[in-house]
file upload.cif (mmCIF, C-alpha atoms)
data_target
loop_
_atom_site.label_atom_id
_atom_site.label_comp_id
_atom_site.auth_asym_id
_atom_site.auth_seq_id
_atom_site.Cartn_x
_atom_site.Cartn_y
_atom_site.Cartn_z
CA MET A 1 18.87 -2.15 2.49
CA SER A 2 16.22 -4.41 0.96
CA ALA A 3 13.16 -2.91 -0.66
CA LEU A 4 11.02 -4.04 2.28
CA ASP A 5 13.21 -1.85 4.50
CA HIS A 6 12.03 1.30 2.74
CA PRO A 7 10.57 3.61 5.44
CA GLY A 8 7.23 4.02 3.62
CA ILE A 9 6.78 0.27 3.21
CA ARG A 10 7.82 -0.39 6.82
CA LYS A 11 5.26 2.16 8.04
CA VAL A 12 2.47 0.54 6.01
CA SER A 13 3.49 -2.96 7.12
CA ALA A 14 3.46 -1.85 10.77
CA ALA A 15 0.06 -0.16 10.39
CA LEU A 16 -1.41 -3.30 8.82
CA ALA A 17 0.04 -5.56 11.53
CA GLU A 18 -1.06 -3.23 14.32
CA ALA A 19 -4.61 -3.33 12.92
CA GLY A 20 -4.50 -7.15 12.96
CA HIS A 21 -4.25 -7.47 9.18
CA HIS A 22 -1.25 -9.80 9.27
CA ASP A 23 -2.00 -11.51 5.95
CA ALA A 24 -1.95 -8.12 4.24
CA ALA A 25 1.28 -7.10 5.99
CA ASN A 26 2.93 -10.42 5.12
CA GLY A 27 1.59 -10.20 1.55
CA ILE A 28 3.38 -6.98 0.62
CA ARG A 29 5.03 -7.41 -2.76
CA VAL A 30 7.85 -5.24 -3.98
CA LEU A 31 7.70 -5.20 -7.75
CA ALA A 32 10.54 -4.75 -10.23
CA ASP A 33 8.93 -1.68 -11.77
CA ALA A 34 6.90 1.20 -10.36
CA VAL A 35 3.16 0.70 -10.69
CA ARG A 36 1.86 4.27 -10.72
CA THR A 37 -1.32 3.36 -12.61
CA ALA A 38 -4.05 0.83 -11.96
CA ALA A 39 -3.35 -0.82 -15.31
CA ALA A 40 0.35 -1.28 -14.47
CA ALA A 41 -0.48 -2.64 -11.01
CA ALA A 42 -3.08 -5.04 -12.40
CA GLU A 43 -0.64 -6.36 -14.97
CA ALA A 44 2.12 -6.77 -12.38
CA VAL A 45 0.00 -8.83 -9.98
CA GLY A 46 -2.13 -10.60 -12.60
CA VAL A 47 -5.58 -9.34 -11.67
CA PRO A 48 -8.35 -7.40 -13.44
CA VAL A 49 -7.79 -3.63 -13.33
CA GLY A 50 -10.99 -3.27 -11.28
CA ALA A 51 -9.36 -5.22 -8.42
CA ILE A 52 -6.82 -2.44 -7.92
CA ALA A 53 -7.74 0.00 -5.15
CA ASN A 54 -6.42 3.35 -6.34
CA SER A 55 -5.60 5.64 -3.42
CA LEU A 56 -6.51 9.11 -4.62
CA VAL A 57 -5.93 12.11 -2.39
CA PHE A 58 -8.00 15.20 -3.08
CA ALA A 59 -8.35 18.58 -1.41
CA ALA A 60 -11.92 18.99 -0.14
CA VAL A 61 -12.47 22.74 -0.14
CA ARG A 62 -14.96 24.47 2.15
CA GLY A 63 -14.67 28.25 2.00
CA ASP A 64 -10.96 29.00 2.27
CA GLU A 65 -10.03 25.71 3.97
CA ALA A 66 -8.77 22.62 2.17
CA THR A 67 -8.72 19.29 4.00
CA PRO A 68 -7.45 15.98 2.66
CA LEU A 69 -9.91 13.44 1.31
CA LEU A 70 -8.77 9.92 0.49
CA VAL A 71 -10.79 8.03 -2.09
CA LEU A 72 -10.12 4.33 -2.61
CA THR A 73 -11.57 3.72 -6.02
CA SER A 74 -11.62 0.73 -8.31
CA GLY A 75 -9.01 0.96 -11.01
CA ALA A 76 -11.76 0.24 -13.55
CA HIS A 77 -13.18 3.75 -13.41
CA ARG A 78 -12.53 7.35 -12.39
CA ALA A 79 -13.78 9.12 -9.30
CA ASP A 80 -16.25 11.91 -10.04
CA THR A 81 -15.35 15.13 -8.24
CA ALA A 82 -18.93 16.48 -8.22
CA THR A 83 -20.09 13.25 -6.57
CA LEU A 84 -17.22 13.46 -4.08
CA ALA A 85 -18.02 17.09 -3.24
CA ALA A 86 -21.63 16.13 -2.47
CA LEU A 87 -20.53 13.14 -0.36
CA ALA A 88 -17.98 15.22 1.55
CA GLY A 89 -20.16 18.29 1.98
CA ALA A 90 -17.48 20.36 0.27
CA ASP A 91 -17.84 23.39 -1.96
CA ARG A 92 -15.57 21.66 -4.44
CA ILE A 93 -12.98 18.93 -4.78
CA GLU A 94 -9.58 19.82 -6.17
CA ARG A 95 -6.69 17.68 -7.33
CA ALA A 96 -4.11 17.62 -4.55
CA THR A 97 -0.59 18.82 -5.24
CA PRO A 98 2.31 16.42 -4.63
CA ASP A 99 3.31 18.49 -1.57
CA PHE A 100 -0.25 18.34 -0.16
CA VAL A 101 -0.31 14.56 -0.66
CA ARG A 102 3.06 14.09 1.05
CA GLN A 103 2.14 16.44 3.89
CA HIS A 104 -1.03 14.51 4.74
CA THR A 105 0.03 10.95 3.93
CA GLY A 106 3.80 10.95 4.32
CA GLN A 107 3.85 9.13 0.97
CA VAL A 108 4.41 10.03 -2.67
CA ILE A 109 1.82 10.00 -5.43
CA GLY A 110 1.88 6.59 -7.08
CA GLY A 111 2.62 4.84 -3.79
CA VAL A 112 -0.04 6.26 -1.47
CA SER A 113 -1.38 3.51 0.74
CA PRO A 114 -4.77 3.47 2.42
CA VAL A 115 -2.90 3.31 5.77
CA GLY A 116 0.29 4.50 7.45
CA HIS A 117 -0.48 8.23 7.41
CA PRO A 118 0.59 10.70 10.11
CA ALA A 119 -3.07 11.25 11.08
CA PRO A 120 -6.41 9.74 10.02
CA ILE A 121 -7.81 11.04 6.74
CA ARG A 122 -11.50 11.08 5.88
CA THR A 123 -11.93 8.23 3.41
CA PHE A 124 -14.51 6.96 0.94
CA VAL A 125 -14.23 3.37 -0.28
CA ASP A 126 -15.65 2.63 -3.72
CA VAL A 127 -18.41 0.02 -3.46
CA ALA A 128 -17.30 -1.31 -6.88
CA LEU A 129 -14.36 -2.98 -5.08
CA GLU A 130 -16.77 -5.24 -3.19
CA GLN A 131 -17.16 -7.55 -6.20
CA TYR A 132 -13.54 -8.76 -5.89
CA ASP A 133 -12.47 -11.38 -3.34
CA VAL A 134 -9.02 -9.81 -3.20
CA VAL A 135 -8.10 -6.22 -3.98
CA TRP A 136 -4.60 -4.81 -4.21
CA ALA A 137 -3.56 -1.48 -2.74
CA ALA A 138 -0.33 0.52 -2.73
CA ALA A 139 2.01 -0.17 0.16
CA GLY A 140 3.66 3.22 0.69
CA HIS A 141 6.00 3.14 -2.30
CA PRO A 142 5.42 3.14 -6.10
CA HIS A 143 6.96 -0.36 -6.34
CA ALA A 144 4.93 -1.95 -3.52
CA VAL A 145 1.42 -3.37 -3.22
CA TYR A 146 -0.45 -5.57 -0.76
CA PRO A 147 -3.52 -7.81 -0.91
CA THR A 148 -6.60 -7.09 1.14
CA THR A 149 -10.37 -7.14 0.81
CA TYR A 150 -13.06 -4.54 0.37
CA ALA A 151 -14.19 -5.12 3.97
CA GLY A 152 -10.56 -4.89 5.05
CA LEU A 153 -10.19 -1.49 3.38
CA VAL A 154 -13.32 -0.18 5.06
CA GLU A 155 -12.17 -1.46 8.45
CA LEU A 156 -8.55 -0.32 8.12
CA THR A 157 -9.41 3.20 7.05
CA GLY A 158 -12.64 3.74 8.96
CA GLY A 159 -13.87 4.66 5.49
CA THR A 160 -17.38 5.19 4.28
CA PRO A 161 -18.58 2.87 1.49
CA ALA A 162 -19.80 4.99 -1.40
CA GLU A 163 -20.44 5.12 -5.12
CA VAL A 164 -17.65 7.47 -6.15
CA ALA A 165 -18.04 7.36 -9.94
CA ARG A 166 -20.88 8.32 -12.23
#
call {"tool": "encode", "arguments": {"input": "upload.cif", "output": "structure tokens"}}
result
Amino acid sequence: MSALDHPGIRKVSAALAEAGHHDAANGIRVLADAVRTAAAAAEAVGVPVGAIANSLVFAAVRGDEATPLLVLTSGAHRADTATLAALAGADRIERATPDFVRQHTGQVIGGVSPVGHPAPIRTFVDVALEQYDVVWAAAGHPHAVYPTTYAGLVELTGGTPAEVAR
């Protein structure tokens, strides 16, 4: 089985193609090493760290209920949980456990893609990504990334553009 045959990568590729983002689907790169950080991904594809779209899954907590929140943030900074709570109308934002991430995305931390999840996830897209002509996102596996654009991320995810860092 080639790396592109990995079920997570296939699911992301199919989701991109189905959404009409054929260049992104055809641009999936499987890298020799896992790129679990923005810095590692940026080095592997030869772009500034800010051009990496980190897919961060959080638990947005309201009362006793936690729902998934996907934040696509520039690798150049960190998402601010107080800002995210205000944007999401949540009591608080918590770091998601690996099981919570897998349950809601079908993917593992370090390889979570903006697309290819079992069901839509409320998403915020960091406006800082807009300054890059091409941004790179995870493709459903810690060794895989794909090229897209800020507008492409917003369209693909149905996400809300937002300032997610302080």
call {"tool": "closest_residue", "arguments": {"input": "upload.cif", "among": "A:Ser74, A:Ser55, A:Thr149, A:Asn26", "to": "A:Ala42", "atoms": "all atoms listed in the file"}}
result
A:Ser74
call {"tool": "closest_residue", "arguments": {"input": "upload.cif", "among": "A:Pro7, A:Pro161, A:Gly152, A:Gly140", "to": "A:Thr73", "atoms": "all atoms listed in the file"}}
result
A:Pro161
call {"tool": "residues_around", "arguments": {"input": "upload.cif", "residues": "A:His77", "least_positions_apart": "3", "cutoff": "10 Å", "atoms": "only C-alpha atoms", "output": "ChimeraX atom specification"}}
result
/A:38,49-50,54,73-74,80,128,164-166
call {"tool": "atom_distance", "arguments": {"input": "upload.cif", "atom1": "atom CA of A:Ala51", "atom2": "atom CA of A:Ala76"}}
result
7.9 Å
call {"tool": "resolve_selection", "arguments": {"input": "upload.cif", "expression": "the PyMOL selection byres ((chain A and resi 111) around 6)", "output": "list in words"}}
result
Val108, Ile109, Gly110, Val112, Ala138, Gly140, His141 and Pro142 of chain A
call {"tool": "write_last_selection", "arguments": {"input": "upload.cif", "atoms": "C-alpha atoms", "output": "short mmCIF file (atom, residue, chain, number, x, y, z; two decimals), in the frame of the given file"}}
result
data_model
loop_
_atom_site.label_atom_id
_atom_site.label_comp_id
_atom_site.auth_asym_id
_atom_site.auth_seq_id
_atom_site.Cartn_x
_atom_site.Cartn_y
_atom_site.Cartn_z
CA VAL A 108 4.41 10.03 -2.67
CA ILE A 109 1.82 10.00 -5.43
CA GLY A 110 1.88 6.59 -7.08
CA VAL A 112 -0.04 6.26 -1.47
CA ALA A 138 -0.33 0.52 -2.73
CA GLY A 140 3.66 3.22 0.69
CA HIS A 141 6.00 3.14 -2.30
CA PRO A 142 5.42 3.14 -6.10
#
call {"tool": "atom_distance", "arguments": {"input": "upload.cif", "atom1": "atom CA of A:Pro118", "atom2": "atom CA of A:Val145"}}
result
19.4 Å
call {"tool": "closest_residue", "arguments": {"input": "upload.cif", "among": "A:Val101, A:Leu84, A:Ala90, A:Ala17", "to": "A:Gly63", "atoms": "only C-alpha atoms"}}
result
A:Ala90
